[in-house]
Structures are given as structure tokens and as C-alpha cells.
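The next block is model.cif, given as mmCIF, C-alpha atoms.
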```cif
data_final
loop_
_atom_site.label_atom_id
_atom_site.label_comp_id
_atom_site.auth_asym_id
_atom_site.auth_seq_id
_atom_site.Cartn_x
_atom_site.Cartn_y
_atom_site.Cartn_z
CA MET A 1 147.93 252.47 9.98
CA LYS A 2 148.72 251.65 6.35
CA GLY A 3 147.58 253.79 3.40
CA ILE A 4 147.90 253.59 -0.40
CA VAL A 5 150.22 256.14 -2.06
CA PHE A 6 150.39 256.62 -5.85
CA LEU A 7 153.93 256.84 -7.24
CA GLY A 8 153.12 257.32 -10.94
CA ASN A 9 154.35 255.07 -13.75
CA ARG A 10 151.56 252.64 -12.77
CA LYS A 11 153.15 252.01 -9.37
CA LEU A 12 151.86 252.44 -5.83
CA GLU A 13 152.91 251.57 -2.30
CA LEU A 14 151.16 250.65 0.93
CA ARG A 15 152.95 252.92 3.42
CA GLU A 16 152.82 253.30 7.18
CA PHE A 17 151.16 256.46 8.59
CA PRO A 18 150.30 257.51 12.15
CA ASP A 19 146.66 257.14 13.11
CA PRO A 20 145.04 260.59 12.67
CA THR A 21 144.03 262.72 15.66
CA PRO A 22 141.27 265.29 15.09
CA GLY A 23 142.05 268.94 15.72
CA PRO A 24 139.58 271.79 16.33
CA GLY A 25 136.54 271.46 14.06
CA GLU A 26 137.67 268.06 12.77
CA VAL A 27 136.50 264.46 12.96
CA VAL A 28 138.08 261.11 12.20
CA ILE A 29 136.13 258.70 10.02
CA ALA A 30 136.65 254.95 10.40
CA ILE A 31 136.59 253.92 6.74
CA LYS A 32 134.19 251.11 5.83
CA ALA A 33 134.50 251.48 2.04
CA SER A 34 136.71 253.56 -0.25
CA GLY A 35 135.92 253.67 -3.96
CA MET A 36 138.24 253.61 -6.97
CA CYS A 37 137.54 256.46 -9.39
CA GLY A 38 138.64 257.08 -12.97
CA SER A 39 140.36 260.25 -11.71
CA ASP A 40 142.72 257.99 -9.73
CA LEU A 41 144.18 256.76 -13.00
CA HIS A 42 145.74 260.18 -13.70
CA PRO A 43 148.17 260.06 -10.74
CA TYR A 44 148.49 256.28 -11.05
CA ARG A 45 149.63 256.55 -14.70
CA ALA A 46 151.61 259.83 -14.46
CA ILE A 47 155.09 259.67 -15.96
CA GLY A 48 158.34 261.64 -15.85
CA ASN A 49 158.28 264.96 -13.99
CA ALA A 50 154.58 264.57 -13.26
CA ALA A 51 155.24 261.32 -11.43
CA ALA A 52 158.03 262.92 -9.37
CA ALA A 53 155.54 265.47 -8.02
CA LEU A 54 152.94 262.89 -6.98
CA GLY A 55 152.06 261.74 -3.52
CA LEU A 56 153.08 265.00 -1.85
CA GLY A 57 150.70 267.16 0.15
CA ALA A 58 151.02 270.81 1.12
CA GLY A 59 153.50 269.86 3.83
CA GLY A 60 155.71 267.94 1.41
CA GLY A 61 154.88 264.49 2.79
CA PRO A 62 153.21 261.58 0.99
CA VAL A 63 149.44 261.68 0.55
CA ILE A 64 147.07 258.77 1.03
CA ALA A 65 144.94 258.19 -2.09
CA GLY A 66 141.18 257.69 -2.30
CA HIS A 67 138.59 260.45 -2.71
CA GLU A 68 135.45 258.29 -2.35
CA PRO A 69 135.40 257.56 1.39
CA CYS A 70 132.50 256.25 3.43
CA GLY A 71 132.40 255.09 7.04
CA VAL A 72 131.42 256.04 10.58
CA VAL A 73 132.42 258.88 12.87
CA ALA A 74 135.12 257.48 15.17
CA ALA A 75 136.42 260.59 17.00
CA ARG A 76 135.68 264.31 17.32
CA GLY A 77 138.03 267.21 17.86
CA PRO A 78 137.48 270.30 20.04
CA GLY A 79 134.47 272.37 19.00
CA VAL A 80 132.61 269.50 17.34
CA SER A 81 129.50 268.52 19.29
CA GLU A 82 127.85 265.13 19.57
CA ASP A 83 124.80 266.61 17.83
CA GLU A 84 126.93 267.76 14.89
CA ALA A 85 128.80 264.46 14.45
CA PRO A 86 127.45 261.65 16.64
CA THR A 87 129.90 258.86 17.39
CA GLY A 88 129.11 255.96 15.06
CA ALA A 89 127.11 258.09 12.61
CA ARG A 90 127.16 256.68 9.07
CA VAL A 91 128.71 259.31 6.81
CA MET A 92 130.13 260.12 3.42
CA ASN A 93 132.62 262.93 2.84
CA HIS A 94 132.40 265.84 0.41
CA HIS A 95 136.02 265.43 -0.57
CA TYR A 96 137.01 269.10 -0.80
CA LYS A 97 137.97 271.68 1.82
CA GLY A 98 137.79 275.40 1.04
CA CYS A 99 137.98 278.47 3.25
CA GLY A 100 134.47 277.85 4.59
CA ARG A 101 133.62 281.58 4.33
CA CYS A 102 133.33 282.52 0.63
CA LYS A 103 130.05 282.43 -1.29
CA HIS A 104 130.92 279.09 -2.92
CA CYS A 105 131.83 277.35 0.34
CA ARG A 106 128.70 278.63 2.05
CA ILE A 107 126.44 276.93 -0.50
CA GLY A 108 128.35 273.63 -0.50
CA TRP A 109 130.58 274.22 -3.56
CA SER A 110 133.89 274.32 -1.70
CA GLN A 111 135.78 272.98 -4.74
CA LEU A 112 135.14 276.40 -6.34
CA CYS A 113 136.68 278.31 -3.41
CA PRO A 114 138.89 281.14 -4.76
CA ASN A 115 141.07 281.02 -1.64
CA GLY A 116 142.52 277.57 -2.36
CA ILE A 117 141.26 274.06 -1.78
CA VAL A 118 142.36 270.70 -0.44
CA VAL A 119 141.19 267.72 -2.49
CA TYR A 120 141.16 264.70 -0.21
CA GLY A 121 142.90 261.76 -1.85
CA MET A 122 144.90 264.10 -4.10
CA THR A 123 146.42 266.93 -2.02
CA GLY A 124 145.21 265.77 1.41
CA HIS A 125 145.02 262.32 2.98
CA GLY A 126 142.17 260.29 1.50
CA GLY A 127 140.17 257.17 2.23
CA HIS A 128 142.45 254.33 1.06
CA ALA A 129 143.35 253.67 4.71
CA PRO A 130 141.60 252.55 7.90
CA TYR A 131 141.03 256.14 9.11
CA MET A 132 140.66 259.61 7.58
CA LYS A 133 140.64 263.05 9.22
CA VAL A 134 138.35 265.75 7.76
CA PRO A 135 136.57 268.96 8.82
CA ALA A 136 133.21 268.17 10.39
CA ARG A 137 131.56 270.51 7.88
CA THR A 138 132.49 268.16 5.00
CA LEU A 139 130.46 265.25 6.40
CA VAL A 140 127.40 264.17 4.41
CA PRO A 141 124.89 261.76 6.02
CA LEU A 142 124.53 258.30 4.50
CA PRO A 143 120.84 257.30 4.26
CA GLU A 144 120.04 254.18 6.25
CA PRO A 145 118.94 252.03 3.25
CA LEU A 146 122.34 252.46 1.56
CA GLY A 147 125.41 250.37 2.37
CA PHE A 148 128.90 251.81 2.80
CA GLU A 149 129.99 250.62 -0.65
CA GLU A 150 127.08 252.48 -2.24
CA GLY A 151 127.97 255.54 -0.18
CA ALA A 152 131.53 255.37 -1.52
CA ALA A 153 130.21 255.33 -5.09
CA VAL A 154 127.99 258.36 -4.41
CA SER A 155 130.99 260.20 -2.94
CA CYS A 156 132.39 260.90 -6.40
CA GLY A 157 131.56 258.84 -9.50
CA THR A 158 127.84 258.32 -9.02
CA GLY A 159 127.38 261.76 -7.47
CA THR A 160 129.16 263.30 -10.46
CA ALA A 161 126.76 261.54 -12.85
CA TYR A 162 123.78 262.76 -10.83
CA GLY A 163 125.05 266.35 -10.86
CA ALA A 164 125.50 266.26 -14.64
CA LEU A 165 122.03 264.81 -15.20
CA LYS A 166 120.58 267.62 -13.09
CA ARG A 167 122.43 270.16 -15.25
CA LEU A 168 120.95 268.52 -18.36
CA ASP A 169 117.47 268.51 -16.76
CA VAL A 170 116.58 265.16 -18.34
CA SER A 171 113.05 263.79 -18.23
CA GLY A 172 110.72 261.41 -20.01
CA ARG A 173 110.55 263.73 -23.02
CA ASP A 174 114.21 263.05 -23.87
CA THR A 175 116.50 260.53 -25.47
CA LEU A 176 119.81 260.64 -23.57
CA ALA A 177 123.11 259.42 -25.06
CA VAL A 178 125.83 258.58 -22.52
CA PHE A 179 129.32 258.37 -24.02
CA GLY A 180 131.60 256.17 -21.92
CA GLN A 181 130.43 253.38 -19.62
CA GLY A 182 133.03 253.49 -16.88
CA PRO A 183 131.74 253.95 -13.32
CA VAL A 184 130.56 257.53 -14.00
CA GLY A 185 128.91 256.66 -17.32
CA LEU A 186 127.29 253.52 -15.93
CA SER A 187 125.95 255.61 -13.04
CA ALA A 188 124.56 258.12 -15.55
CA THR A 189 122.90 255.26 -17.44
CA MET A 190 121.33 253.86 -14.28
CA LEU A 191 120.25 257.19 -12.78
CA GLY A 192 119.18 258.56 -16.15
CA ALA A 193 116.86 255.60 -16.69
CA ALA A 194 115.28 256.32 -13.29
CA MET A 195 114.67 259.96 -14.30
CA GLY A 196 112.62 258.96 -17.33
CA PRO A 197 114.53 259.42 -20.60
CA ARG A 198 115.26 256.72 -23.12
CA VAL A 199 118.97 256.00 -22.50
CA ILE A 200 121.46 254.95 -25.16
CA ALA A 201 124.89 253.87 -23.87
CA ILE A 202 128.06 254.17 -25.98
CA ASP A 203 131.43 252.53 -25.28
CA VAL A 204 134.12 250.43 -26.98
CA VAL A 205 134.27 247.65 -24.37
CA PRO A 206 131.69 244.82 -24.77
CA GLU A 207 131.77 243.97 -21.05
CA ARG A 208 130.79 247.50 -20.10
CA LEU A 209 128.06 247.64 -22.74
CA ARG A 210 126.59 244.42 -21.37
CA LEU A 211 126.58 245.95 -17.89
CA ALA A 212 124.95 249.11 -19.28
CA ARG A 213 122.12 246.98 -20.66
CA GLU A 214 121.65 245.37 -17.25
CA LEU A 215 121.59 248.77 -15.56
CA GLY A 216 118.84 250.24 -17.71
CA ALA A 217 120.11 251.25 -21.17
CA ASP A 218 117.41 250.93 -23.83
CA ALA A 219 120.08 250.48 -26.51
CA VAL A 220 123.87 250.24 -26.69
CA ILE A 221 126.38 251.25 -29.36
CA ASN A 222 129.90 249.90 -29.73
CA ALA A 223 131.82 252.91 -31.08
CA LYS A 224 134.64 250.64 -32.21
CA GLU A 225 132.30 248.82 -34.59
CA THR A 226 130.03 251.61 -35.83
CA ASP A 227 129.91 255.39 -36.16
CA PRO A 228 128.07 256.48 -32.98
CA VAL A 229 126.71 259.67 -34.54
CA ALA A 230 125.17 257.77 -37.45
CA ALA A 231 123.84 255.08 -35.11
CA LEU A 232 122.22 257.68 -32.83
CA ARG A 233 120.67 259.43 -35.81
CA GLU A 234 119.23 256.13 -36.97
CA LEU A 235 117.81 255.39 -33.51
CA THR A 236 116.16 258.82 -33.43
CA HIS A 237 114.74 258.81 -36.99
CA GLY A 238 117.36 261.32 -38.11
CA ALA A 239 116.63 263.94 -35.46
CA GLY A 240 119.45 263.33 -32.99
CA VAL A 241 119.23 263.10 -29.21
CA GLU A 242 117.76 265.77 -26.97
CA ALA A 243 120.54 265.29 -24.40
CA SER A 244 124.04 263.86 -24.55
CA MET A 245 126.78 263.46 -21.98
CA ASP A 246 130.49 262.72 -22.40
CA CYS A 247 132.03 260.82 -19.49
CA THR A 248 135.28 259.93 -21.26
CA GLY A 249 137.33 263.07 -21.81
CA ASN A 250 138.20 261.59 -25.21
CA PRO A 251 138.21 264.27 -27.96
CA ASP A 252 136.43 262.02 -30.50
CA ALA A 253 133.69 261.14 -28.01
CA ARG A 254 133.20 264.80 -27.15
CA VAL A 255 132.80 265.71 -30.82
CA ALA A 256 130.36 262.84 -31.27
CA ALA A 257 128.34 264.00 -28.25
CA VAL A 258 127.96 267.43 -29.88
CA LYS A 259 127.31 266.17 -33.42
CA SER A 260 124.69 263.66 -32.25
CA ALA A 261 122.66 266.30 -30.39
CA ALA A 262 119.40 267.41 -31.99
CA THR A 263 118.53 271.02 -32.79
CA TRP A 264 117.84 272.75 -29.45
CA GLY A 265 119.68 269.86 -27.76
CA ARG A 266 121.72 269.93 -24.53
CA VAL A 267 125.24 268.56 -24.11
CA CYS A 268 127.19 268.03 -20.90
CA PHE A 269 130.94 267.49 -20.60
CA VAL A 270 131.99 265.49 -17.53
CA GLY A 271 135.17 263.60 -18.53
CA GLU A 272 138.36 265.56 -17.77
CA GLY A 273 141.56 266.16 -19.74
CA ASN A 274 142.54 266.68 -23.39
CA THR A 275 141.58 269.41 -25.82
CA THR A 276 138.79 269.22 -28.40
CA THR A 277 138.00 271.09 -31.63
CA PHE A 278 134.51 271.78 -32.93
CA ASP A 279 133.04 273.66 -35.85
CA ILE A 280 131.36 276.19 -33.62
CA SER A 281 129.01 277.55 -36.29
CA GLN A 282 127.90 274.29 -37.90
CA ASP A 283 127.92 272.01 -34.87
CA MET A 284 126.73 274.37 -32.15
CA ILE A 285 125.45 277.85 -33.07
CA ARG A 286 123.25 276.78 -35.97
CA LYS A 287 121.77 273.97 -33.88
CA GLN A 288 121.00 276.29 -30.94
CA LEU A 289 122.81 273.90 -28.59
CA THR A 290 123.21 274.43 -24.86
CA ILE A 291 126.62 273.22 -23.64
CA HIS A 292 127.16 272.45 -19.96
CA ALA A 293 130.38 271.71 -18.09
CA SER A 294 129.84 269.82 -14.85
CA TRP A 295 132.51 269.29 -12.17
CA THR A 296 131.43 266.78 -9.51
CA PHE A 297 128.70 268.15 -7.19
CA SER A 298 128.01 270.23 -4.10
CA SER A 299 127.71 268.74 -0.62
CA ILE A 300 123.97 269.43 -0.91
CA GLY A 301 123.88 267.62 -4.25
CA GLN A 302 125.74 264.65 -2.77
CA GLU A 303 123.12 264.27 -0.06
CA GLU A 304 120.32 264.68 -2.61
CA CYS A 305 121.85 262.00 -4.86
CA ALA A 306 122.05 259.52 -1.97
CA ARG A 307 118.41 260.19 -1.05
CA PHE A 308 117.31 259.80 -4.69
CA ILE A 309 118.96 256.36 -4.86
CA ALA A 310 117.59 255.26 -1.49
CA GLU A 311 114.02 256.46 -2.02
CA ARG A 312 113.73 255.00 -5.51
CA LYS A 313 115.45 251.77 -4.52
CA ILE A 314 117.92 252.09 -7.40
CA PRO A 315 120.14 248.96 -7.39
CA LEU A 316 123.43 250.87 -7.23
CA LYS A 317 125.19 247.87 -5.71
CA ARG A 318 125.07 246.17 -9.13
CA LEU A 319 127.55 248.80 -10.31
CA LEU A 320 130.10 247.42 -7.82
CA THR A 321 131.77 244.50 -9.56
CA HIS A 322 135.07 244.18 -7.63
CA ARG A 323 136.04 244.40 -3.94
CA PHE A 324 139.58 244.46 -2.55
CA THR A 325 141.51 244.78 0.69
CA LEU A 326 144.19 247.46 0.95
CA GLU A 327 146.81 244.73 0.67
CA GLN A 328 145.45 243.92 -2.80
CA ALA A 329 145.98 247.49 -4.05
CA GLU A 330 148.49 246.62 -6.79
CA GLN A 331 146.20 243.94 -8.21
CA ALA A 332 143.18 246.23 -7.87
CA TYR A 333 144.65 249.14 -9.83
CA ARG A 334 146.20 246.90 -12.48
CA LEU A 335 142.71 245.55 -13.17
CA PHE A 336 141.02 248.97 -12.94
CA ASP A 337 143.60 250.34 -15.39
CA THR A 338 142.25 247.99 -18.09
CA GLN A 339 138.97 249.96 -18.00
CA THR A 340 136.90 246.84 -18.59
CA THR A 341 135.22 246.57 -15.18
CA GLY A 342 132.41 248.21 -13.25
CA LYS A 343 133.11 249.93 -9.93
CA GLY A 344 135.95 248.75 -7.69
CA VAL A 345 136.02 249.43 -3.95
CA PHE A 346 138.36 248.79 -1.01
CA VAL A 347 136.67 247.31 2.05
CA PRO A 348 138.05 246.22 5.43
#
```
Could I get this structure in the form of C-alpha cells?
Amino acid sequence: MKGIVFLGNRKLELREFPDPTPGPGEVVIAIKASGMCGSDLHPYRAIGNAAAALGLGAGGGPVIAGHEPCGVVAARGPGVSEDEAPTGARVMNHHYKGCGRCKHCRIGWSQLCPNGIVVYGMTGHGGHAPYMKVPARTLVPLPEPLGFEEGAAVSCGTGTAYGALKRLDVSGRDTLAVFGQGPVGLSATMLGAAMGPRVIAIDVVPERLRLARELGADAVINAKETDPVAALRELTHGAGVEASMDCTGNPDARVAAVKSAATWGRVCFVGEGNTTTFDISQDMIRKQLTIHASWTFSSIGQEECARFIAERKIPLKRLLTHRFTLEQAEQAYRLFDTQTTGKGVFVP
């Protein structure tokens, strides 16, 4: 089979790999959709020494990209029963493998395993290929109303937004500001609107702000044209927002997320990378802020997110603006790198 490998320096290759064979406790998923995530841009763009280290797994060989896989169970290894993983079952994958024994693994947070983890699509073969081998315990059921493309979105970007919103505990009593309207931010806008708060979306790209409006934002702010903190204060009669979320990792956006929060407000950092400086006393302590850091989600949270979307008939498919075959990978990531689109996904 062929799989996508990131080379850094905005280059990738479609390389030949053997079809996977499941070992004890493992299954093979036939991939029906594999999402493109903002995290993919880090290895895609890596330069210099960082690029030289890319695409290599624990065994030193190249790694297939893609950590948002969704498909059907195609094969089971020894020790995996038909009841545990029925052939043809529609599944997502919680894209981390830990030891399976520690307290974090046992409650579905295997990415927090202190004994070392595999991140599928980064350090282990991912979903940008026809097949993917994973431990059976990482499978997450895909609710029947959802399509495979929606399941791929839930498998990282949308699930990450859901997990952060749960940390913020948003409801109809709140105004929620979402900084960044990439796939994670757009998901937060859409899911946040379904949870009840008034949602204000902030970005610098007009196309993404238009999409945010369509997906449920009550108001949008172009941070390239106006000071987002001042605009949010104006929209809240000077009080600030009860909840804010940064999905960018940009230092300026993080500072704005904190400064725009009201007294007793809650802030959640989701976007990765960079360092950020705050006036701790003025911006945080004397406003009694609660600051959350949210890294993706548990396997339980992933299943809960999918059920939330299915039961409330949230039109997640509108987030998916571009579809590609594996052979179109170079074109797909060139476009995704512009950060002007909604969600992109590879489909057979």
C-alpha cells in the first residue's frame, strides 16, 4: 500500500509500505477517511535538523502521517474477539498508545502515560494510507448517524474543541470568545453554539470568519482590522467575556484571550507552540481568572463528543470544505498550509 510521509521543508512523499498484519491484541482498520489537522503543519513545515529527524518511528523507519483516522475493522489479531472488534464495525481511533496499565491509561488518557507513548501519525504509522494497525483498546465506536469524514474530524480537531469546551464548562449564561477559526476553532464555534453560550469568533482570514458565521457565531472580529480586546469589551458592555479559548498558539492571541476575559472569567489554551508573557498580577490574579490547558481528549471524551454531535444533529459536515485522494497529497497540504480553508480530509 502507499502512505504519506512528511519530509519537512514543506515536502512530502507517497511511499510504498507493506500491508499491515495485526499481532496479538491488535486490529487493522480499513481507512475510509483520514483528516488533516493543524498539528500536521509542524512536521510538514519543519526545517533544518528538525526536518532531518522527521518521518522516523521508534524502529528508525519512515512513519505514515495522519492522526485523524476513521474506517472499519478489517482484520483482528490473536486475542481479539469478534465481540470486541466485529469485522466491518465502524470505528474511530484514539490516536495514542500508552502502557495500558497506569492510572492514566486505565481511564482513557493514554497520552498522559508516564511510561512512554506512541502517537499514531507522528511516531507510529497513521491513517494517510489504505490500512492502519492499532491496538484494539484504542478503537472508539462511530455512531451510526455520523459519516466517516465526520468521524475523522472528531478523531482530533473537533474532539479537541469539545474537550476544551468541557473544561471551560460553557453554558447559556456565558459569552464565549474563540480565537482562531481553523478546524479546531471552527469546531469550538459550532459546538459552543450548541452548548448555549453567545459565541464570538476571532480570526484574521475573511474566508474563515464567513464560515464561522455560517457555523453559529453570533459575531465575528477580524483581528487584523481591529483590536480584538477592545472589540470584545464593546460587545460585552465593557465587562469582558465569561469564557475565552485560544486555538492558535499565537502569543498575541493568547494575551488577548486573557485580557478580554471578565473578572471571574475562564480561559482555555488549546493551540500549541511558542512562549507567551502576561502581567500575572494585573491580567490574571486581580481578575480572579481560572486558566485551563487542554490537550486533546480521552477515549471516553472522544466517544462522548461523537454522541453529542449525532444526538443533536450538529451539521459537522459543513466544516469539511476539501476532499482529496492520497495521490493529491502535495496539492492538499499546499492548500492547507495557506490556513484559509475549513477542514480537509483524504478519502478513498
For Val73 of chain A, which residue among A:Val134, A:His125, A:Phe17, A:Asn115 is the nearest when counting all atoms listed in the file?
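Distance minimum relative to Val73 of chain A lands on A:Val134.
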Atom CA of Thr275 of chain A to atom CA of Ala153 of chain A, straight-line distance in Å
27.5 Å
Apply the PyMOL selection byres ((chain A and resi 159-174) around 8) to the structure shown and report the selected residues as a JSON list (two decimals) with C-alpha atoms, in the coordinates of the input.
```json
[["chain", "number", "residue", "atom", "x", "y", "z"],
["A", 153, "ALA", "CA", 130.21, 255.33, -5.09],
["A", 154, "VAL", "CA", 127.99, 258.36, -4.41],
["A", 155, "SER", "CA", 130.99, 260.20, -2.94],
["A", 156, "CYS", "CA", 132.39, 260.90, -6.40],
["A", 157, "GLY", "CA", 131.56, 258.84, -9.50],
["A", 158, "THR", "CA", 127.84, 258.32, -9.02],
["A", 175, "THR", "CA", 116.50, 260.53, -25.47],
["A", 176, "LEU", "CA", 119.81, 260.64, -23.57],
["A", 184, "VAL", "CA", 130.56, 257.53, -14.00],
["A", 185, "GLY", "CA", 128.91, 256.66, -17.32],
["A", 187, "SER", "CA", 125.95, 255.61, -13.04],
["A", 188, "ALA", "CA", 124.56, 258.12, -15.55],
["A", 191, "LEU", "CA", 120.25, 257.19, -12.78],
["A", 192, "GLY", "CA", 119.18, 258.56, -16.15],
["A", 195, "MET", "CA", 114.67, 259.96, -14.30],
["A", 196, "GLY", "CA", 112.62, 258.96, -17.33],
["A", 197, "PRO", "CA", 114.53, 259.42, -20.60],
["A", 198, "ARG", "CA", 115.26, 256.72, -23.12],
["A", 241, "VAL", "CA", 119.23, 263.10, -29.21],
["A", 242, "GLU", "CA", 117.76, 265.77, -26.97],
["A", 243, "ALA", "CA", 120.54, 265.29, -24.40],
["A", 245, "MET", "CA", 126.78, 263.46, -21.98],
["A", 266, "ARG", "CA", 121.72, 269.93, -24.53],
["A", 267, "VAL", "CA", 125.24, 268.56, -24.11],
["A", 268, "CYS", "CA", 127.19, 268.03, -20.90],
["A", 270, "VAL", "CA", 131.99, 265.49, -17.53],
["A", 292, "HIS", "CA", 127.16, 272.45, -19.96],
["A", 294, "SER", "CA", 129.84, 269.82, -14.85],
["A", 295, "TRP", "CA", 132.51, 269.29, -12.17],
["A", 296, "THR", "CA", 131.43, 266.78, -9.51],
["A", 297, "PHE", "CA", 128.70, 268.15, -7.19],
["A", 301, "GLY", "CA", 123.88, 267.62, -4.25],
["A", 302, "GLN", "CA", 125.74, 264.65, -2.77],
["A", 305, "CYS", "CA", 121.85, 262.00, -4.86],
["A", 306, "ALA", "CA", 122.05, 259.52, -1.97]]
```
Expansion of the PyMOL selection byres ((chain A and resi 250-258) around 8) into residues, as a ChimeraX atom specification:
/A:177,179,228-229,244-246,248-249,259-261,267,269,271,273-278,283-284
Report the residues retrieved by the PyMOL selection byres ((chain A and resi 225) around 12) from the displayed file, expressed as a PyMOL selection string.
chain A and resi 202-206+220-224+226-228+230-231
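Across the structure, atom CA of Leu139 of chain A and atom CA of Ala194 of chain A are spaced 26.4 Å apart.
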Determine, counting all atoms listed in the file, which protein, DNA and RNA residues have an atom within 9 Å of an atom of Ile117 of chain A; residues of the same chain fewer than 5 positions away are not included. Present the result as a ChimeraX atom specification.
/A:96-99,110-112,123
Who sits within 8 Å of Ala219 of chain A, only C-alpha atoms, same chain under 5 positions skipped, as number ranges by chain:
A: 199-201, 213
Find the residues near segment 34-43 of chain A: any atom within 8 Å, counting all atoms listed in the file, skip ones fewer than 4 places away on the same chain, and give them as a PyMOL selection string.
chain A and resi 6-8+51+54+65-70+127-128+149+152-153+156-157+182-183+337+343-347
Keeping only C-alpha atoms, write the selected residues as a PDB file, keeping the file's coordinate frame.
```pdb
ATOM      1  CA  PHE A   6     150.390 256.620  -5.850  1.00  0.00           C
ATOM      2  CA  LEU A   7     153.930 256.840  -7.240  1.00  0.00           C
ATOM      3  CA  GLY A   8     153.120 257.320 -10.940  1.00  0.00           C
ATOM      4  CA  ALA A  51     155.240 261.320 -11.430  1.00  0.00           C
ATOM      5  CA  LEU A  54     152.940 262.890  -6.980  1.00  0.00           C
ATOM      6  CA  ALA A  65     144.940 258.190  -2.090  1.00  0.00           C
ATOM      7  CA  GLY A  66     141.180 257.690  -2.300  1.00  0.00           C
ATOM      8  CA  HIS A  67     138.590 260.450  -2.710  1.00  0.00           C
ATOM      9  CA  GLU A  68     135.450 258.290  -2.350  1.00  0.00           C
ATOM     10  CA  PRO A  69     135.400 257.560   1.390  1.00  0.00           C
ATOM     11  CA  CYS A  70     132.500 256.250   3.430  1.00  0.00           C
ATOM     12  CA  GLY A 127     140.170 257.170   2.230  1.00  0.00           C
ATOM     13  CA  HIS A 128     142.450 254.330   1.060  1.00  0.00           C
ATOM     14  CA  GLU A 149     129.990 250.620  -0.650  1.00  0.00           C
ATOM     15  CA  ALA A 152     131.530 255.370  -1.520  1.00  0.00           C
ATOM     16  CA  ALA A 153     130.210 255.330  -5.090  1.00  0.00           C
ATOM     17  CA  CYS A 156     132.390 260.900  -6.400  1.00  0.00           C
ATOM     18  CA  GLY A 157     131.560 258.840  -9.500  1.00  0.00           C
ATOM     19  CA  GLY A 182     133.030 253.490 -16.880  1.00  0.00           C
ATOM     20  CA  PRO A 183     131.740 253.950 -13.320  1.00  0.00           C
ATOM     21  CA  ASP A 337     143.600 250.340 -15.390  1.00  0.00           C
ATOM     22  CA  LYS A 343     133.110 249.930  -9.930  1.00  0.00           C
ATOM     23  CA  GLY A 344     135.950 248.750  -7.690  1.00  0.00           C
ATOM     24  CA  VAL A 345     136.020 249.430  -3.950  1.00  0.00           C
ATOM     25  CA  PHE A 346     138.360 248.790  -1.010  1.00  0.00           C
ATOM     26  CA  VAL A 347     136.670 247.310   2.050  1.00  0.00           C
TER      27      VAL A 347
END
```
Nearest to Gly124 of chain A among A:Lys103, A:Val140, A:Gly61, A:Trp109, with distances taken over all atoms listed in the file: which residue is it?
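Smallest separation from Gly124 of chain A among the options: A:Gly61.
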Using Å and a single decimal, report how far atom CA of Glu26 of chain A sits from atom CA of Gly147 of chain A.
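Atom CA of Gly147 of chain A sits 23.9 Å away from atom CA of Glu26 of chain A.
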Among listed residues A:Arg307, A:Lys287, A:Arg137, A:Lys317, nearest Leu186 of chain A (using only C-alpha atoms)
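Of all the options, A:Lys317 lies closest to Leu186 of chain A.
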For each of A:Thr321, A:Ser298, A:Gln282, A:Asn9, take the minimum atom-to-atom distance to Thr138 of chain A, counting all atoms listed in the file, then give the residue where this is smallest.
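Checking each candidate against Thr138 of chain A, we get A:Ser298 as the closest.
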Give the answer as one residue: which of A:Arg334, A:Ser299, A:His322, A:Val118 has the shortest atom-to-atom distance to His104 of chain A, using all atoms listed in the file?
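Nearest to His104 of chain A: A:Ser299.
Here the question is which of A:Val80, A:Leu142, A:Ala239, A:Leu215 gets nearest to Glu304 of chain A using all atoms listed in the file, and that residue is A:Leu142.
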Identify, on the basis of only C-alpha atoms, every residue whose closest approach to segment 143-145 of chain A does not exceed 10 Å; exclude the query and any residue fewer than 3 positions from it along the same chain; express the result as a compact mmCIF listing (two decimals) with C-alpha atoms, in the coordinates of the input.
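Okay, result.txt is ready:
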```
# COMPACT_ATOMS: atom_id res chain seq x y z
CA ARG A 90 127.16 256.68 9.07
CA VAL A 91 128.71 259.31 6.81
CA MET A 92 130.13 260.12 3.42
CA VAL A 140 127.40 264.17 4.41
CA PHE A 148 128.90 251.81 2.80
CA GLU A 150 127.08 252.48 -2.24
CA GLY A 151 127.97 255.54 -0.18
CA GLU A 303 123.12 264.27 -0.06
CA ALA A 306 122.05 259.52 -1.97
CA ARG A 307 118.41 260.19 -1.05
CA PHE A 308 117.31 259.80 -4.69
CA ILE A 309 118.96 256.36 -4.86
CA ALA A 310 117.59 255.26 -1.49
CA GLU A 311 114.02 256.46 -2.02
CA LYS A 313 115.45 251.77 -4.52
```
Residue list as an MDAnalysis selection string for point (140.0, 250.3, 8.0), cut-off 7 Å, all atoms listed in the file:
chainID A and resid 30:32 129:131 348
